[in-house]
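Trainee: Sharing a structure, written as structure tokens. Questions coming.
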Amino acid sequence: MTALAQIIIDGGIATIVIDSPPVNALGLAVRKAIVANVQELGARTDVDAIVLRCAGRTFFAGADITEFGKPFEAPDLNDVVAALEDSPKIVVAAIHGTVLGGGLEVALGAHYRIAMDSAKAGFPEIALGLLPGAGGTQRGPRVMDAGVAFALITSGKPVGAKEALSNGLFDRLTSGDLAADAVAYARELAAEGAPLRRLKDEAPKVSDRDALTAAIARAKASRSLATQGCAQAVEIALTAPFEEGLIKEREIFDRLMGGAESRALRHIFFAEREAGKLVGVAKDTPVGSITAAGVIGAGTMGGGIAMNFLNVGIPVTLVEVKQEALDRGVATIRKNYETTAKKGRMTQEQLEQRMALLNPTLEFDALGSTDLVIEAVFESMAVKQDIFGRLDRIMKPGALMASNTSFLDIDTIAAATQRPQHVLGLHFFSPANVMKLLEVVRGAKTSDSALATAMALAKKLGKTAVVSRVCHGFIANRIMDVRRVEAEKLVLQGSSVMEIDRALIDYGFPMGQFQMFDLVGLDVMGRDSDERTLMSDFVAAGRLGQKSGGGYYDYDDQRKPSPSAAAQDIIASHAAYAGVEKQAVRPGDVIKRLLYPVVNEGARLIEEGVVQRASDIDVAVVAGYGWPAETGGPIQWGEEQGLSEIVAYLDGLSIPVSAELRSAAEDGRALGANLA
Ligand code: NAD
């Protein structure tokens, strides 16, 4: 066992080196080691100053998240920071890697900070519905301008070392040998009799009081409780004595930690990590490497899918049937990159490098040399089967063949080949170059190795991958279609379009159901069915959405929506045709009406074994449908609402309740608890 802490003494300068792989998280053992060593070294007469640094890839990357939600055993992080700050000897933090959250708070306990010029620093707590709870909200506004600190705390985004130097978070940068430079810096400070710079004794720095007051007021009005909490904590830092601020910060932290919002965000954080793990697949399953990819179809999806590969340096053969469609697809890819370049997020050279990796062609056989092909042509079984039959004849042994189908049966597609073990679904979401979600669809015969290869690829592409079994619509589309059905029912029963969209936006969705219809186009949404539906009535009336000037809403030249009398007429006439009776919904019930059935459908996915675990459903809709992470996704939210309450509500509406939901409610267990 290597020692957690190593002490090096060099001519009066003591260095504490903490080594707790992989990221020097601030768990109990690490906290104890820091406190004990700082106190011991502080008392030694042969030590003039102390350097605190970490071995491995980074300075303390943050709290130990496995301790989250449990009471902290002493010494807690505040004790660690206090031990550093109160040391009678100068303490210098020597920072490399990513110093985040609790790690940055520890650094703020030191009297001075030297960092590698490649280091990054930030307070990511807000992403977990928390605030920096070890003095970050109190020392932040004292080490740098309070407005800058507030922005850092409420955005959660890290800053680079140069910015940290200029805003005062760091005191010195080095590009050389951090260990040696930190010792030299500490020696220099000790020699010149530099003061013990204790942030707790300094006054907050406010350069622009009005701007800060306005920012705090905005944050207090935010729907995020964590943002509100940050505002309260920083406001206290500006007005109250330090010790009082520290106590208030802790109170707010505890309140947030115990609340539903942080519980939901932490749930999603862990659920995303879990989602990538395959259940029942041996760890040593061979993972194939994808060094050349093929995409069939250069339409809406094919182009975006191709970009995923180009972005990570994998060459793509892009196949179309018509030259015109191919040219259009390639031009769209270029245009997307040009937009990125214009925003300064890519150089012209990078743009050309990516385009050079693209091989657009009408020659189907060019796909034969690739390791993976993703088919993204029209949603037609006949066309897809024909394509997979042809792929079977030209692909190398072991190559993967994937379909981006939204609804078709992967097993039927695989049956067109002699090697169904190498066929699977790779279901991207539109726009495929932007949306994080990738549903990896495991057919009845898909091999473990094909699946493991797809999961590894997803990671490389930066996607959030979730495994689904074959079913109509897979995970995200299937359960969110239930929301569509309910929303249409509600308008037919007399609720207003605006009222429903408003409820969804208030819940935290980026847009309402009907705004989404109008944006995507009702002809696109409704093209799967020949029946007369509410959607088909809109299409028949030429109300296709924003692109035709109106759908569920009317739009002016600026695409600003307003309530539509024409849409109301279509809804009323469809209600008469379908014999739907008027039924008022209490405003507070709109969300229950729309989303309890979604929870129910989620339970059905669990019951049918479509998902590997319940939390994968939450990951899918948060990443694929903009379901607000602060409610944790339908399963987590359903659990918070109470499964019995949901069952009673659905029973009251005579909506069939899934067996899984009913039994979980009756047994008082979590949804999917029996899957493990
Ligand atoms: P699209 O109509 O925009 O593009 C399809 C392209 O495939 C066209 O350019 C067409 O010329 C080409 N094509 C047709 N037959 C071909 C063949 N035999 N060989 C080569 N190219 C051929 O369609 P899309 O929206 O990109 O959808 C493609 C697939 O992705 C469908 O299965 C769809 O269900 C699925 N999907 C779509 C979305 C979405 O939001 N649009 C999201 C997820 C999945």
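Simple scheme: letters A, B, ... for chains in structure tokens order, numbers from 1 for residues in each chain, numbers from 1 for ligands in the order shown.
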Could I get the residue neighbourhood of ligand 1 at 7 Å, counting only C-alpha atoms and all ligand atoms, as a PDB file with C-alpha atoms, in the first residue's frame?
Mentor:
ATOM      1  CA  ILE A 296     -26.344   5.314 -45.762  1.00  0.00           C
ATOM      2  CA  GLY A 297     -28.646   8.223 -46.499  1.00  0.00           C
ATOM      3  CA  ALA A 298     -27.499  11.849 -46.374  1.00  0.00           C
ATOM      4  CA  GLY A 299     -30.815  13.283 -45.171  1.00  0.00           C
ATOM      5  CA  THR A 300     -31.720  14.925 -41.872  1.00  0.00           C
ATOM      6  CA  MET A 301     -30.261  12.118 -39.787  1.00  0.00           C
ATOM      7  CA  GLY A 302     -27.497  10.699 -41.993  1.00  0.00           C
ATOM      8  CA  VAL A 319     -23.747   6.771 -49.526  1.00  0.00           C
ATOM      9  CA  GLU A 320     -26.799   8.160 -51.323  1.00  0.00           C
ATOM     10  CA  VAL A 321     -28.962   7.090 -54.241  1.00  0.00           C
ATOM     11  CA  LYS A 322     -29.178  10.457 -55.925  1.00  0.00           C
ATOM     12  CA  ALA A 325     -29.369  14.383 -52.295  1.00  0.00           C
ATOM     13  CA  ALA A 376     -30.453   6.224 -42.133  1.00  0.00           C
ATOM     14  CA  VAL A 377     -32.757   5.994 -45.152  1.00  0.00           C
ATOM     15  CA  PHE A 378     -36.552   6.360 -45.301  1.00  0.00           C
ATOM     16  CA  GLU A 379     -38.529   4.626 -42.577  1.00  0.00           C
ATOM     17  CA  VAL A 383     -36.114  -0.461 -48.269  1.00  0.00           C
ATOM     18  CA  ILE A 387     -30.174  -2.511 -47.902  1.00  0.00           C
ATOM     19  CA  ASN A 404     -31.150   4.316 -37.183  1.00  0.00           C
ATOM     20  CA  THR A 405     -34.802   3.318 -37.466  1.00  0.00           C
ATOM     21  CA  SER A 406     -37.177   5.051 -35.062  1.00  0.00           C
ATOM     22  CA  PHE A 407     -39.894   2.421 -34.950  1.00  0.00           C
ATOM     23  CA  HIS A 427     -30.947   5.284 -32.706  1.00  0.00           C
ATOM     24  CA  PHE A 428     -29.760   8.884 -32.787  1.00  0.00           C
ATOM     25  CA  PHE A 429     -31.938  11.883 -31.948  1.00  0.00           C
ATOM     26  CA  SER A 430     -32.373  14.934 -34.116  1.00  0.00           C
TER      27      SER A 430
END
Trainee: Identify, on the basis of only C-alpha atoms, every residue whose closest approach to A:Asn78 does not exceed 9 Å; exclude the query and any residue fewer than 6 positions from it along the same chain; express the result as a VMD selection string.
Mentor: chain A and resid 105 to 106 133 to 135 246
Trainee: Can you write just those residues out, all heavy atoms, as a compact mmCIF listing (two decimals), in the first residue's frame?
Mentor:
# COMPACT_ATOMS: atom_id res chain seq x y z
N GLU A 105 -12.29 24.67 -2.71
CA GLU A 105 -12.48 25.23 -1.37
C GLU A 105 -11.26 24.95 -0.48
O GLU A 105 -10.85 25.80 0.30
CB GLU A 105 -13.76 24.66 -0.75
CG GLU A 105 -15.00 25.17 -1.48
CD GLU A 105 -16.29 24.58 -0.96
OE1 GLU A 105 -16.44 23.35 -1.03
OE2 GLU A 105 -17.14 25.34 -0.47
N VAL A 106 -10.69 23.76 -0.64
CA VAL A 106 -9.47 23.44 0.10
C VAL A 106 -8.35 24.39 -0.34
O VAL A 106 -7.62 24.95 0.49
CB VAL A 106 -9.06 21.96 -0.12
CG1 VAL A 106 -7.63 21.70 0.35
CG2 VAL A 106 -10.03 21.04 0.62
N GLY A 133 -20.17 24.01 -0.27
CA GLY A 133 -20.61 23.99 1.13
C GLY A 133 -19.48 24.02 2.14
O GLY A 133 -19.69 23.78 3.33
N ALA A 134 -18.28 24.30 1.69
CA ALA A 134 -17.15 24.37 2.64
C ALA A 134 -16.49 25.74 2.54
O ALA A 134 -15.28 25.87 2.40
CB ALA A 134 -16.16 23.25 2.38
N GLY A 135 -17.34 26.75 2.53
CA GLY A 135 -16.83 28.11 2.55
C GLY A 135 -16.65 28.75 1.18
O GLY A 135 -16.29 29.92 1.09
N LEU A 246 -20.59 31.43 7.14
CA LEU A 246 -20.23 30.02 7.03
C LEU A 246 -21.36 29.13 7.58
O LEU A 246 -21.69 28.10 6.99
CB LEU A 246 -18.94 29.77 7.83
CG LEU A 246 -17.95 28.75 7.29
CD1 LEU A 246 -17.61 29.01 5.84
CD2 LEU A 246 -16.68 28.76 8.14
Trainee: Show me, as a list in words, the residues that have an atom within 12 Å of A:Ile505 when counting only C-alpha atoms, minus same-chain residues fewer than 4 positions from it.
Mentor: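 Here the answer would be Arg223, Met498, Glu499, Ile500, Asp501, Phe509, Pro510, Met511, Gly512, Gln513, Phe514, Gln515, Met516, Val590, Ile591, Gly626, Trp627 and Pro628 of chain A.
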Trainee: For the selection you just gave me, I'd like the residues written to a file as an mmCIF file, in the first residue's frame, keeping N, CA and C atoms.
Mentor:
data_model
loop_
_atom_site.group_PDB
_atom_site.id
_atom_site.type_symbol
_atom_site.label_atom_id
_atom_site.label_comp_id
_atom_site.auth_asym_id
_atom_site.auth_seq_id
_atom_site.Cartn_x
_atom_site.Cartn_y
_atom_site.Cartn_z
ATOM 1 N N ARG A 223 -35.889 29.406 -11.176
ATOM 2 C CA ARG A 223 -36.674 28.249 -10.767
ATOM 3 C C ARG A 223 -35.798 27.203 -10.071
ATOM 4 N N MET A 498 -52.404 26.616 -25.275
ATOM 5 C CA MET A 498 -51.475 27.465 -24.536
ATOM 6 C C MET A 498 -51.311 26.993 -23.091
ATOM 7 N N GLU A 499 -52.438 26.606 -22.481
ATOM 8 C CA GLU A 499 -52.451 26.176 -21.087
ATOM 9 C C GLU A 499 -51.581 24.914 -20.904
ATOM 10 N N ILE A 500 -51.663 24.026 -21.867
ATOM 11 C CA ILE A 500 -50.895 22.776 -21.775
ATOM 12 C C ILE A 500 -49.402 23.052 -21.973
ATOM 13 N N ASP A 501 -49.099 23.843 -22.981
ATOM 14 C CA ASP A 501 -47.690 24.174 -23.212
ATOM 15 C C ASP A 501 -47.102 24.926 -22.017
ATOM 16 N N PHE A 509 -39.710 21.826 -19.003
ATOM 17 C CA PHE A 509 -39.370 21.415 -20.374
ATOM 18 C C PHE A 509 -38.967 22.648 -21.178
ATOM 19 N N PRO A 510 -38.044 22.468 -22.143
ATOM 20 C CA PRO A 510 -37.618 23.635 -22.926
ATOM 21 C C PRO A 510 -38.733 24.185 -23.800
ATOM 22 N N MET A 511 -39.689 23.344 -24.191
ATOM 23 C CA MET A 511 -40.842 23.864 -24.928
ATOM 24 C C MET A 511 -42.039 22.960 -24.688
ATOM 25 N N GLY A 512 -43.203 23.491 -25.037
ATOM 26 C CA GLY A 512 -44.424 22.727 -24.827
ATOM 27 C C GLY A 512 -44.626 21.692 -25.932
ATOM 28 N N GLN A 513 -45.608 20.799 -25.712
ATOM 29 C CA GLN A 513 -45.902 19.745 -26.686
ATOM 30 C C GLN A 513 -46.293 20.331 -28.045
ATOM 31 N N PHE A 514 -47.168 21.332 -28.032
ATOM 32 C CA PHE A 514 -47.690 21.847 -29.301
ATOM 33 C C PHE A 514 -46.679 22.782 -29.975
ATOM 34 N N GLN A 515 -45.894 23.464 -29.171
ATOM 35 C CA GLN A 515 -44.800 24.262 -29.758
ATOM 36 C C GLN A 515 -43.843 23.326 -30.486
ATOM 37 N N MET A 516 -43.606 22.141 -29.893
ATOM 38 C CA MET A 516 -42.699 21.188 -30.518
ATOM 39 C C MET A 516 -43.291 20.670 -31.832
ATOM 40 N N VAL A 590 -52.951 19.482 -14.755
ATOM 41 C CA VAL A 590 -52.509 19.299 -16.147
ATOM 42 C C VAL A 590 -51.261 18.424 -16.212
ATOM 43 N N ILE A 591 -50.292 18.713 -15.344
ATOM 44 C CA ILE A 591 -49.044 17.937 -15.366
ATOM 45 C C ILE A 591 -49.289 16.475 -14.994
ATOM 46 N N GLY A 626 -35.154 16.587 -23.425
ATOM 47 C CA GLY A 626 -35.126 17.795 -22.614
ATOM 48 C C GLY A 626 -35.999 17.711 -21.384
ATOM 49 N N TRP A 627 -36.268 16.492 -20.924
ATOM 50 C CA TRP A 627 -36.992 16.368 -19.638
ATOM 51 C C TRP A 627 -36.115 17.043 -18.586
ATOM 52 N N PRO A 628 -36.669 17.941 -17.768
ATOM 53 C CA PRO A 628 -35.813 18.695 -16.850
ATOM 54 C C PRO A 628 -35.090 17.788 -15.854
#
Trainee: I'd like the contact shell of A:Arg57 - 9 Å cut-off, only C-alpha atoms, skipping same-chain residues fewer than 5 positions apart - returned as a ChimeraX atom specification.
Mentor: /A:21-24,96-98
Trainee: Using only C-alpha atoms, pick whichever of A:Thr631, A:Ser468, A:Gln39, A:Ser529 has the shortest atom-to-atom distance to A:Asp616.
Mentor: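 For A:Asp616, the nearest of the candidates is A:Ser468.
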Trainee: So, counting only C-alpha atoms, which residue among A:Ser222, A:Gln6, A:Thr464, A:Thr15 is closest to A:Ala271?
Mentor: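 Comparing A:Ser222, A:Gln6, A:Thr464, A:Thr15 against A:Ala271, the winner is A:Thr464.
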Trainee: Would you tabulate, counting only C-alpha atoms, all residues of stretch 5-64 of chain A that have an atom at most 12 Å from an atom of stretch 183-205 of chain A, showing the closest pair of atoms and their distance in Å to one decimal, sorted by chain then ascending number, as a tab-separated table?
Mentor:
residue	atom	partner	partner_atom	distance
A:Ile8	CA	A:Val183	CA	10.3
A:Ile9	CA	A:Val183	CA	9.7
A:Asp10	CA	A:Val183	CA	8.1
A:Gly11	CA	A:Arg187	CA	8.8
A:Gly12	CA	A:Arg187	CA	8.0
A:Ile13	CA	A:Val183	CA	6.4
A:Ala14	CA	A:Val183	CA	8.1
A:Thr15	CA	A:Val183	CA	7.5
A:Ile16	CA	A:Val183	CA	10.9
A:Val47	CA	A:Ala190	CA	10.1
A:Asp48	CA	A:Ala190	CA	6.4
A:Ala49	CA	A:Ala186	CA	6.1
A:Ile50	CA	A:Ala186	CA	7.1
A:Val51	CA	A:Val183	CA	6.7
A:Leu52	CA	A:Val183	CA	9.8
A:Arg53	CA	A:Val183	CA	10.5
Trainee: Find the distance between atom CA of A:Arg469 and atom CA of A:Gly672 and write it in Å to one decimal.
Mentor: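 Here the two named atoms are 15.5 Å from each other.
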Trainee: Identify, on the basis of only C-alpha atoms, every residue whose closest approach to stretch 304-315 of chain A does not exceed 8 Å; exclude the query and any residue fewer than 6 positions from it along the same chain; express the result as a PyMOL selection string.
Mentor: chain A and resi 290-295+333+354-355+357-359+428+430-433+460-461
Trainee: From the DSSP assignment of the backbone, select every residue of stretch 359-540 of chain A that is strand (DSSP E), and format the answer as a VMD selection string.
Mentor: chain A and resid 359 to 361 372 to 375 400 to 403 423 to 428 437 to 442 464 to 469
Trainee: For A:Leu130, which residue among A:Ala219, A:Leu265, A:Leu152, A:Val81 is the nearest when counting only C-alpha atoms?
Mentor: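 That would be A:Leu265, the residue with the smallest distance to A:Leu130.
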Trainee: What is the atom CA of A:Ile114 to atom CA of A:Ala182 distance in Å?
Mentor: 6.5 Å
Trainee: Just give me the gap between atom CA of A:Val17 and atom CA of A:Arg113 in Å, one decimal is fine.
Mentor: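 Between atom CA of A:Val17 and atom CA of A:Arg113 the gap works out to 15.2 Å.
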Trainee: Residues near A:Gly103, anyone? I mean within 9 Å using only C-alpha atoms, not counting same-chain ones fewer than 6 positions away, as an MDAnalysis selection string.
Mentor: chainID A and resid 24:26 59:63 121
Trainee: Can you pull out every residue within 10 Å of A:Ala127, counting only C-alpha atoms, but drop anything in the same chain fewer than 6 positions away, and send it as a PyMOL selection string?
Mentor: chain A and resi 154-157+226-227+262+265-266+269+629-630
Trainee: Please produce an output containing N, CA and C atoms for each residue in the selection, written as a PDB file, in the first residue's frame.
Mentor:
ATOM      1  N   THR A 154     -22.638  30.179  -9.778  1.00  0.00           N
ATOM      2  CA  THR A 154     -23.965  29.883 -10.333  1.00  0.00           C
ATOM      3  C   THR A 154     -23.914  29.247 -11.714  1.00  0.00           C
ATOM      4  N   SER A 155     -22.790  29.403 -12.433  1.00  0.00           N
ATOM      5  CA  SER A 155     -22.731  28.769 -13.758  1.00  0.00           C
ATOM      6  C   SER A 155     -22.230  27.341 -13.644  1.00  0.00           C
ATOM      7  N   GLY A 156     -21.404  27.073 -12.642  1.00  0.00           N
ATOM      8  CA  GLY A 156     -20.827  25.736 -12.513  1.00  0.00           C
ATOM      9  C   GLY A 156     -19.706  25.481 -13.493  1.00  0.00           C
ATOM     10  N   LYS A 157     -19.446  26.447 -14.376  1.00  0.00           N
ATOM     11  CA  LYS A 157     -18.437  26.226 -15.424  1.00  0.00           C
ATOM     12  C   LYS A 157     -17.031  26.520 -14.905  1.00  0.00           C
ATOM     13  N   ALA A 226     -31.149  25.597  -6.181  1.00  0.00           N
ATOM     14  CA  ALA A 226     -29.716  25.718  -5.921  1.00  0.00           C
ATOM     15  C   ALA A 226     -29.224  27.116  -6.301  1.00  0.00           C
ATOM     16  N   THR A 227     -29.730  27.642  -7.417  1.00  0.00           N
ATOM     17  CA  THR A 227     -29.352  28.993  -7.827  1.00  0.00           C
ATOM     18  C   THR A 227     -29.831  30.003  -6.782  1.00  0.00           C
ATOM     19  N   SER A 262     -32.045  18.477  -5.624  1.00  0.00           N
ATOM     20  CA  SER A 262     -30.688  17.924  -5.594  1.00  0.00           C
ATOM     21  C   SER A 262     -30.730  16.402  -5.661  1.00  0.00           C
ATOM     22  N   LEU A 265     -31.080  15.613  -9.312  1.00  0.00           N
ATOM     23  CA  LEU A 265     -29.867  15.874 -10.102  1.00  0.00           C
ATOM     24  C   LEU A 265     -28.768  14.863  -9.775  1.00  0.00           C
ATOM     25  N   ARG A 266     -28.671  14.497  -8.502  1.00  0.00           N
ATOM     26  CA  ARG A 266     -27.673  13.484  -8.139  1.00  0.00           C
ATOM     27  C   ARG A 266     -28.073  12.130  -8.703  1.00  0.00           C
ATOM     28  N   PHE A 269     -27.032  12.131 -12.276  1.00  0.00           N
ATOM     29  CA  PHE A 269     -25.566  12.050 -12.349  1.00  0.00           C
ATOM     30  C   PHE A 269     -25.112  10.586 -12.241  1.00  0.00           C
ATOM     31  N   ALA A 629     -33.776  17.847 -15.879  1.00  0.00           N
ATOM     32  CA  ALA A 629     -32.968  17.000 -14.997  1.00  0.00           C
ATOM     33  C   ALA A 629     -33.298  17.267 -13.537  1.00  0.00           C
ATOM     34  N   GLU A 630     -33.746  18.485 -13.227  1.00  0.00           N
ATOM     35  CA  GLU A 630     -34.013  18.796 -11.816  1.00  0.00           C
ATOM     36  C   GLU A 630     -35.246  18.083 -11.271  1.00  0.00           C
TER      37      GLU A 630
END
Trainee: When you count only C-alpha atoms, which of these residues is closest to A:Gly602: A:Gly642, A:Val482, A:Gly549, A:Ala673?
Mentor: A:Val482
